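All remarks here apply to the structure that follows.
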Amino acid sequence: MSLLTVEHLNAGYGSLQVLDDVCFDIEEGTITVVLGANGAGKSTLLRALSGMLPATGSARLDGHELLSSRQRRSVARLGLGHVPEGRGTFGGLTVEENLRVGGHHRPAAEVEDAIKEWYDFFPRLAARRDQLASALSGGEQQMLAIARALMAKPRLLLLDEPSLGLAPKLTGMLFGELRAIRERLGMTVLLVEQNAHLSLEIADDALLLTAGRMGPKQPAAVLREDEQIKNAYLGA
Ligand code: ATP
């Protein structure tokens, strides 16, 4: 069953149109990666879906229209989580306060359990729980941004370049765990990632965005073996 259905999505910045009639859908419970060159519009797509950027067309999450102005402010309540590229934290709040903000829609007891769970997963965050987010390294801020989004237990998680700023070892660990996290939370993931090697390893499906136009969805396993993809994105 499709959890997200996107039809004729157009978005851009002022007179610059970036996304051009984008259509695709995402099956519930899957990890889908969007691959594309720099500037293809991958981040713009996630910003449009989460209401950070005005867009036309349609994007329905479990039947609920995300793009209507009424819904834009409450996409989180509909079950959408977004980890934007770079920083996705409140610098003036501590690590723990950031996690609590992430879980504020959930019952208090669940929040305490979830905080413990993510501290176990990211021990560096546990060690820095009382520090301001602005004092963390880039990698630590990335971990916090991901943990904060997961605190809300989103049905659909939009992840923009999670490997950015993370040491290779931690990226490997995060990608290795993403499937387990997805299963634990019963989550669906839409991932934008430069690291095509790792993302195609863990993804079920893949989409190619070329200059704002979306190609057909394909099984990630097929793209892993595709010569053109290997040349363009896998450095083979
Ligand atoms: P990258 O991997 O380099 O981030 P991307 O596929 O995510 O690439 P986007 O960041 O979505 O690409 O950018 C798509 C186009 O929109 C680019 O031409 C970019 O210069 C432009 N763009 C992005 N952000 C803005 C902005 N805030 N204002 C104006 N133009 C922007």
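Convention: chains lettered A, B, ... in structure tokens order; per-chain residue numbering from 1; ligands numbered from 1 as shown.
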
Counting only C-alpha atoms and all ligand atoms, which residues in chain A sit no more than 12 Å from ligand 1? For each one, give the nearest pair of atoms and the distance in Å, sorted by chain then residue number, as JSON lines.
{"residue": "A:Ala11", "atom": "CA", "partner": "ligand 1", "partner_atom_place_in_ligand_line": "16 (O)", "distance": 9.5}
{"residue": "A:Gly12", "atom": "CA", "partner": "ligand 1", "partner_atom_place_in_ligand_line": "16 (O)", "distance": 6.7}
{"residue": "A:Tyr13", "atom": "CA", "partner": "ligand 1", "partner_atom_place_in_ligand_line": "29 (C)", "distance": 5.0}
{"residue": "A:Gly14", "atom": "CA", "partner": "ligand 1", "partner_atom_place_in_ligand_line": "29 (C)", "distance": 7.5}
{"residue": "A:Ser15", "atom": "CA", "partner": "ligand 1", "partner_atom_place_in_ligand_line": "29 (C)", "distance": 9.2}
{"residue": "A:Leu16", "atom": "CA", "partner": "ligand 1", "partner_atom_place_in_ligand_line": "30 (N)", "distance": 7.0}
{"residue": "A:Gln17", "atom": "CA", "partner": "ligand 1", "partner_atom_place_in_ligand_line": "16 (O)", "distance": 7.9}
{"residue": "A:Val18", "atom": "CA", "partner": "ligand 1", "partner_atom_place_in_ligand_line": "15 (C)", "distance": 5.6}
{"residue": "A:Leu19", "atom": "CA", "partner": "ligand 1", "partner_atom_place_in_ligand_line": "14 (C)", "distance": 8.2}
{"residue": "A:Asp20", "atom": "CA", "partner": "ligand 1", "partner_atom_place_in_ligand_line": "14 (C)", "distance": 11.3}
{"residue": "A:Val34", "atom": "CA", "partner": "ligand 1", "partner_atom_place_in_ligand_line": "6 (O)", "distance": 9.1}
{"residue": "A:Leu35", "atom": "CA", "partner": "ligand 1", "partner_atom_place_in_ligand_line": "6 (O)", "distance": 8.2}
{"residue": "A:Gly36", "atom": "CA", "partner": "ligand 1", "partner_atom_place_in_ligand_line": "6 (O)", "distance": 6.0}
{"residue": "A:Ala37", "atom": "CA", "partner": "ligand 1", "partner_atom_place_in_ligand_line": "6 (O)", "distance": 6.0}
{"residue": "A:Asn38", "atom": "CA", "partner": "ligand 1", "partner_atom_place_in_ligand_line": "3 (O)", "distance": 3.5}
{"residue": "A:Gly39", "atom": "CA", "partner": "ligand 1", "partner_atom_place_in_ligand_line": "12 (O)", "distance": 3.4}
{"residue": "A:Ala40", "atom": "CA", "partner": "ligand 1", "partner_atom_place_in_ligand_line": "6 (O)", "distance": 3.8}
{"residue": "A:Gly41", "atom": "CA", "partner": "ligand 1", "partner_atom_place_in_ligand_line": "11 (O)", "distance": 3.2}
{"residue": "A:Lys42", "atom": "CA", "partner": "ligand 1", "partner_atom_place_in_ligand_line": "6 (O)", "distance": 3.7}
{"residue": "A:Ser43", "atom": "CA", "partner": "ligand 1", "partner_atom_place_in_ligand_line": "7 (O)", "distance": 3.7}
{"residue": "A:Thr44", "atom": "CA", "partner": "ligand 1", "partner_atom_place_in_ligand_line": "11 (O)", "distance": 3.7}
{"residue": "A:Leu45", "atom": "CA", "partner": "ligand 1", "partner_atom_place_in_ligand_line": "11 (O)", "distance": 6.5}
{"residue": "A:Leu46", "atom": "CA", "partner": "ligand 1", "partner_atom_place_in_ligand_line": "11 (O)", "distance": 8.2}
{"residue": "A:Arg47", "atom": "CA", "partner": "ligand 1", "partner_atom_place_in_ligand_line": "11 (O)", "distance": 8.3}
{"residue": "A:Ala48", "atom": "CA", "partner": "ligand 1", "partner_atom_place_in_ligand_line": "11 (O)", "distance": 9.7}
{"residue": "A:Met52", "atom": "CA", "partner": "ligand 1", "partner_atom_place_in_ligand_line": "27 (N)", "distance": 10.6}
{"residue": "A:Leu53", "atom": "CA", "partner": "ligand 1", "partner_atom_place_in_ligand_line": "27 (N)", "distance": 9.3}
{"residue": "A:Pro84", "atom": "CA", "partner": "ligand 1", "partner_atom_place_in_ligand_line": "7 (O)", "distance": 10.3}
{"residue": "A:Glu85", "atom": "CA", "partner": "ligand 1", "partner_atom_place_in_ligand_line": "4 (O)", "distance": 7.7}
{"residue": "A:Gly86", "atom": "CA", "partner": "ligand 1", "partner_atom_place_in_ligand_line": "4 (O)", "distance": 9.9}
{"residue": "A:Leu159", "atom": "CA", "partner": "ligand 1", "partner_atom_place_in_ligand_line": "7 (O)", "distance": 11.5}
{"residue": "A:Asp160", "atom": "CA", "partner": "ligand 1", "partner_atom_place_in_ligand_line": "7 (O)", "distance": 8.1}
{"residue": "A:Glu161", "atom": "CA", "partner": "ligand 1", "partner_atom_place_in_ligand_line": "2 (O)", "distance": 7.9}
{"residue": "A:Pro162", "atom": "CA", "partner": "ligand 1", "partner_atom_place_in_ligand_line": "2 (O)", "distance": 11.7}
{"residue": "A:Ser163", "atom": "CA", "partner": "ligand 1", "partner_atom_place_in_ligand_line": "2 (O)", "distance": 11.9}
{"residue": "A:Leu164", "atom": "CA", "partner": "ligand 1", "partner_atom_place_in_ligand_line": "2 (O)", "distance": 10.4}
{"residue": "A:Leu191", "atom": "CA", "partner": "ligand 1", "partner_atom_place_in_ligand_line": "7 (O)", "distance": 11.3}
{"residue": "A:Val192", "atom": "CA", "partner": "ligand 1", "partner_atom_place_in_ligand_line": "7 (O)", "distance": 7.8}
{"residue": "A:Glu193", "atom": "CA", "partner": "ligand 1", "partner_atom_place_in_ligand_line": "2 (O)", "distance": 7.8}
{"residue": "A:Gln194", "atom": "CA", "partner": "ligand 1", "partner_atom_place_in_ligand_line": "2 (O)", "distance": 6.7}
{"residue": "A:Asn195", "atom": "CA", "partner": "ligand 1", "partner_atom_place_in_ligand_line": "2 (O)", "distance": 10.5}
{"residue": "A:Ala196", "atom": "CA", "partner": "ligand 1", "partner_atom_place_in_ligand_line": "2 (O)", "distance": 11.9}
{"residue": "A:Leu208", "atom": "CA", "partner": "ligand 1", "partner_atom_place_in_ligand_line": "6 (O)", "distance": 10.4}
{"residue": "A:Leu209", "atom": "CA", "partner": "ligand 1", "partner_atom_place_in_ligand_line": "6 (O)", "distance": 7.8}
{"residue": "A:Thr210", "atom": "CA", "partner": "ligand 1", "partner_atom_place_in_ligand_line": "6 (O)", "distance": 8.6}
{"residue": "A:Ala211", "atom": "CA", "partner": "ligand 1", "partner_atom_place_in_ligand_line": "14 (C)", "distance": 8.1}
{"residue": "A:Gly212", "atom": "CA", "partner": "ligand 1", "partner_atom_place_in_ligand_line": "14 (C)", "distance": 7.6}
{"residue": "A:Arg213", "atom": "CA", "partner": "ligand 1", "partner_atom_place_in_ligand_line": "6 (O)", "distance": 11.0}
{"residue": "A:Met214", "atom": "CA", "partner": "ligand 1", "partner_atom_place_in_ligand_line": "6 (O)", "distance": 11.6}

Residues just named, written with N, CA and C atoms as a short mmCIF file (atom, residue, chain, number, x, y, z; two decimals), in the first residue's frame:
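What landed in part_36.cif:
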data_model
loop_
_atom_site.label_atom_id
_atom_site.label_comp_id
_atom_site.auth_asym_id
_atom_site.auth_seq_id
_atom_site.Cartn_x
_atom_site.Cartn_y
_atom_site.Cartn_z
N ALA A 11 7.98 23.01 -7.58
CA ALA A 11 8.45 23.90 -6.51
C ALA A 11 9.76 24.54 -6.94
N GLY A 12 10.07 25.67 -6.35
CA GLY A 12 11.32 26.36 -6.67
C GLY A 12 11.51 27.54 -5.75
N TYR A 13 12.38 28.44 -6.19
CA TYR A 13 12.72 29.60 -5.38
C TYR A 13 12.46 30.84 -6.23
N GLY A 14 11.42 31.61 -5.93
CA GLY A 14 11.10 32.78 -6.74
C GLY A 14 10.85 32.37 -8.17
N SER A 15 11.59 32.97 -9.09
CA SER A 15 11.36 32.66 -10.50
C SER A 15 12.10 31.38 -10.93
N LEU A 16 12.91 30.81 -10.04
CA LEU A 16 13.65 29.59 -10.40
C LEU A 16 12.79 28.36 -10.11
N GLN A 17 12.32 27.70 -11.17
CA GLN A 17 11.57 26.46 -10.97
C GLN A 17 12.56 25.31 -10.87
N VAL A 18 12.49 24.55 -9.78
CA VAL A 18 13.44 23.44 -9.58
C VAL A 18 12.75 22.10 -9.87
N LEU A 19 11.64 21.84 -9.19
CA LEU A 19 10.95 20.55 -9.40
C LEU A 19 9.92 20.71 -10.50
N ASP A 20 9.98 19.79 -11.45
CA ASP A 20 9.18 19.92 -12.67
C ASP A 20 8.23 18.74 -12.79
N VAL A 34 16.55 8.73 -2.94
CA VAL A 34 16.52 9.60 -4.11
C VAL A 34 17.96 9.95 -4.45
N LEU A 35 18.39 9.53 -5.64
CA LEU A 35 19.73 9.85 -6.11
C LEU A 35 19.64 10.95 -7.15
N GLY A 36 20.69 11.76 -7.25
CA GLY A 36 20.70 12.81 -8.26
C GLY A 36 21.96 13.64 -8.09
N ALA A 37 22.37 14.30 -9.16
CA ALA A 37 23.58 15.11 -9.12
C ALA A 37 23.37 16.31 -8.20
N ASN A 38 24.46 17.00 -7.86
CA ASN A 38 24.34 18.25 -7.10
C ASN A 38 23.43 19.19 -7.84
N GLY A 39 22.49 19.78 -7.12
CA GLY A 39 21.61 20.78 -7.72
C GLY A 39 20.42 20.18 -8.45
N ALA A 40 20.25 18.86 -8.43
CA ALA A 40 19.13 18.23 -9.15
C ALA A 40 17.79 18.58 -8.51
N GLY A 41 17.82 18.94 -7.22
CA GLY A 41 16.57 19.32 -6.55
C GLY A 41 16.17 18.37 -5.43
N LYS A 42 17.11 17.56 -4.95
CA LYS A 42 16.78 16.55 -3.94
C LYS A 42 16.33 17.21 -2.62
N SER A 43 17.14 18.18 -2.16
CA SER A 43 16.76 18.86 -0.91
C SER A 43 15.48 19.65 -1.11
N THR A 44 15.32 20.23 -2.29
CA THR A 44 14.11 21.01 -2.58
C THR A 44 12.88 20.12 -2.48
N LEU A 45 13.00 18.88 -2.93
CA LEU A 45 11.88 17.94 -2.85
C LEU A 45 11.48 17.71 -1.39
N LEU A 46 12.46 17.47 -0.52
CA LEU A 46 12.12 17.21 0.88
C LEU A 46 11.54 18.47 1.53
N ARG A 47 12.11 19.64 1.17
CA ARG A 47 11.58 20.91 1.74
C ARG A 47 10.14 21.13 1.30
N ALA A 48 9.84 20.80 0.05
CA ALA A 48 8.46 21.00 -0.45
C ALA A 48 7.50 20.06 0.29
N MET A 52 8.33 23.45 4.13
CA MET A 52 9.30 24.53 4.30
C MET A 52 9.30 25.45 3.09
N LEU A 53 8.76 24.93 1.99
CA LEU A 53 8.81 25.65 0.72
C LEU A 53 7.43 25.52 0.06
N PRO A 84 16.54 18.05 8.03
CA PRO A 84 17.06 18.82 6.90
C PRO A 84 18.57 18.66 6.75
N GLU A 85 19.06 19.04 5.57
CA GLU A 85 20.51 18.96 5.33
C GLU A 85 21.21 19.92 6.29
N GLY A 86 22.35 19.50 6.83
CA GLY A 86 23.07 20.35 7.77
C GLY A 86 22.40 20.29 9.13
N LEU A 159 14.96 12.05 5.25
CA LEU A 159 16.34 12.20 5.73
C LEU A 159 17.19 12.81 4.62
N ASP A 160 17.70 14.03 4.88
CA ASP A 160 18.50 14.71 3.86
C ASP A 160 19.99 14.58 4.17
N GLU A 161 20.69 13.81 3.38
CA GLU A 161 22.14 13.64 3.51
C GLU A 161 22.57 13.33 4.95
N PRO A 162 22.06 12.24 5.55
CA PRO A 162 22.44 11.98 6.94
C PRO A 162 23.94 11.74 7.13
N SER A 163 24.65 11.38 6.06
CA SER A 163 26.08 11.10 6.23
C SER A 163 26.92 12.37 6.33
N LEU A 164 26.32 13.52 5.98
CA LEU A 164 27.05 14.78 5.99
C LEU A 164 27.54 15.10 7.40
N LEU A 191 14.99 8.85 1.69
CA LEU A 191 16.37 9.23 1.99
C LEU A 191 16.99 9.91 0.78
N VAL A 192 17.64 11.07 1.01
CA VAL A 192 18.43 11.72 -0.02
C VAL A 192 19.88 11.56 0.39
N GLU A 193 20.71 11.04 -0.48
CA GLU A 193 22.05 10.72 0.00
C GLU A 193 23.07 10.73 -1.14
N GLN A 194 24.21 11.41 -0.88
CA GLN A 194 25.31 11.41 -1.86
C GLN A 194 25.98 10.03 -1.90
N ASN A 195 25.99 9.37 -0.73
CA ASN A 195 26.68 8.09 -0.66
C ASN A 195 25.80 6.99 -1.25
N ALA A 196 25.89 6.88 -2.61
CA ALA A 196 25.00 5.94 -3.30
C ALA A 196 25.33 4.50 -2.94
N LEU A 208 15.52 8.31 -9.36
CA LEU A 208 16.57 9.17 -9.92
C LEU A 208 15.98 10.52 -10.27
N LEU A 209 16.55 11.58 -9.70
CA LEU A 209 16.08 12.92 -9.99
C LEU A 209 17.12 13.59 -10.88
N THR A 210 16.69 14.00 -12.06
CA THR A 210 17.62 14.62 -13.01
C THR A 210 17.07 15.99 -13.38
N ALA A 211 17.80 17.03 -12.97
CA ALA A 211 17.40 18.42 -13.26
C ALA A 211 15.91 18.64 -12.96
N GLY A 212 15.50 18.21 -11.80
CA GLY A 212 14.13 18.49 -11.35
C GLY A 212 13.07 17.55 -11.87
N ARG A 213 13.47 16.57 -12.70
CA ARG A 213 12.49 15.61 -13.24
C ARG A 213 12.75 14.24 -12.63
N MET A 214 11.67 13.60 -12.20
CA MET A 214 11.79 12.32 -11.51
C MET A 214 11.63 11.16 -12.48
#

* Report the residues of region 33-226 of chain A whose backbone DSSP state falls under helix (DSSP H, G or I), written as a ChimeraX atom specification. => /A:42-49,69-72,95-102,108-121,123-127,133-135,138-151,168-185,196-202,220-224

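Across region 12-59 of chain A, DSSP run on the backbone finds strand (DSSP E) at Gly12, Tyr13, Leu16, Gln17, Val18, Leu19, Asp20, Asp21, Val22, Cys23, Phe24, Asp25, Ile26, Glu27, Ile31, Thr32, Val33, Val34, Leu35, Ala55, Thr56, Gly57, Ser58 and Ala59 of chain A.
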
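Look at region 101-112 of chain A: the protein and nucleic acid residues within 9 Å of it, using only C-alpha atoms and passing over chain neighbours fewer than 3 places away, are Arg77, Glu96, Glu97, Asn98, Ile115, Lys116, Glu117, Ala147, Arg148, Ala149, Leu150, Met151, Ala152 and Lys153 of chain A.
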
* Asked: What's the 7 Å shell around Asp21 (chain A), counting only C-alpha atoms, without same-chain residues fewer than 6 positions away, as a list in words?
  ->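 Near neighbours after the sequence-gap exclusion: His8, Leu9, Asn10 and Arg213 of chain A.
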
* Asked: Suppose you want the space between CA of Val83 (chain A) and CA of Gly186 (chain A); what is it in Å?
  ->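 Between CA of Val83 (chain A) and CA of Gly186 (chain A) the gap is 17.7 Å.
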
* To do: Quick one: everything within 6 Å of region 130-138 of chain A, counting only C-alpha atoms, minus sequence neighbours fewer than 6 positions away in the same chain. Send it as a PyMOL selection string.
  => chain A and resi 91-95+165

* Just give me the gap between CA of Glu7 (chain A) and CA of Asp205 (chain A) in Å, one decimal is fine. =>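 Atom-to-atom, CA of Glu7 (chain A) to CA of Asp205 (chain A), that is 18.1 Å.
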
* To do: Find, counting only C-alpha atoms, the residue in A:Leu99, A:Leu223, A:Gly29, A:Arg128 that gets nearest to Ala114 (chain A).
  =>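 Looking only at the distances to Ala114 (chain A), the closest residue turns out to be A:Leu99.
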
* For each of A:Ile146, A:Thr5, A:Tyr233, A:Phe121, take the minimum atom-to-atom distance to Glu65 (chain A), counting only C-alpha atoms, then give the residue where this is smallest. => A:Thr5

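Residue nearest Thr56 (chain A), chosen from A:Ser68, A:His197, A:Asp25, A:Pro154 and counting only C-alpha atoms: A:Ser68.
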
* Structure fact -> Of A:Leu125, A:Ala145, A:Leu198, A:Leu156, the one sitting nearest Lys169 (chain A) when using only C-alpha atoms is A:Leu198
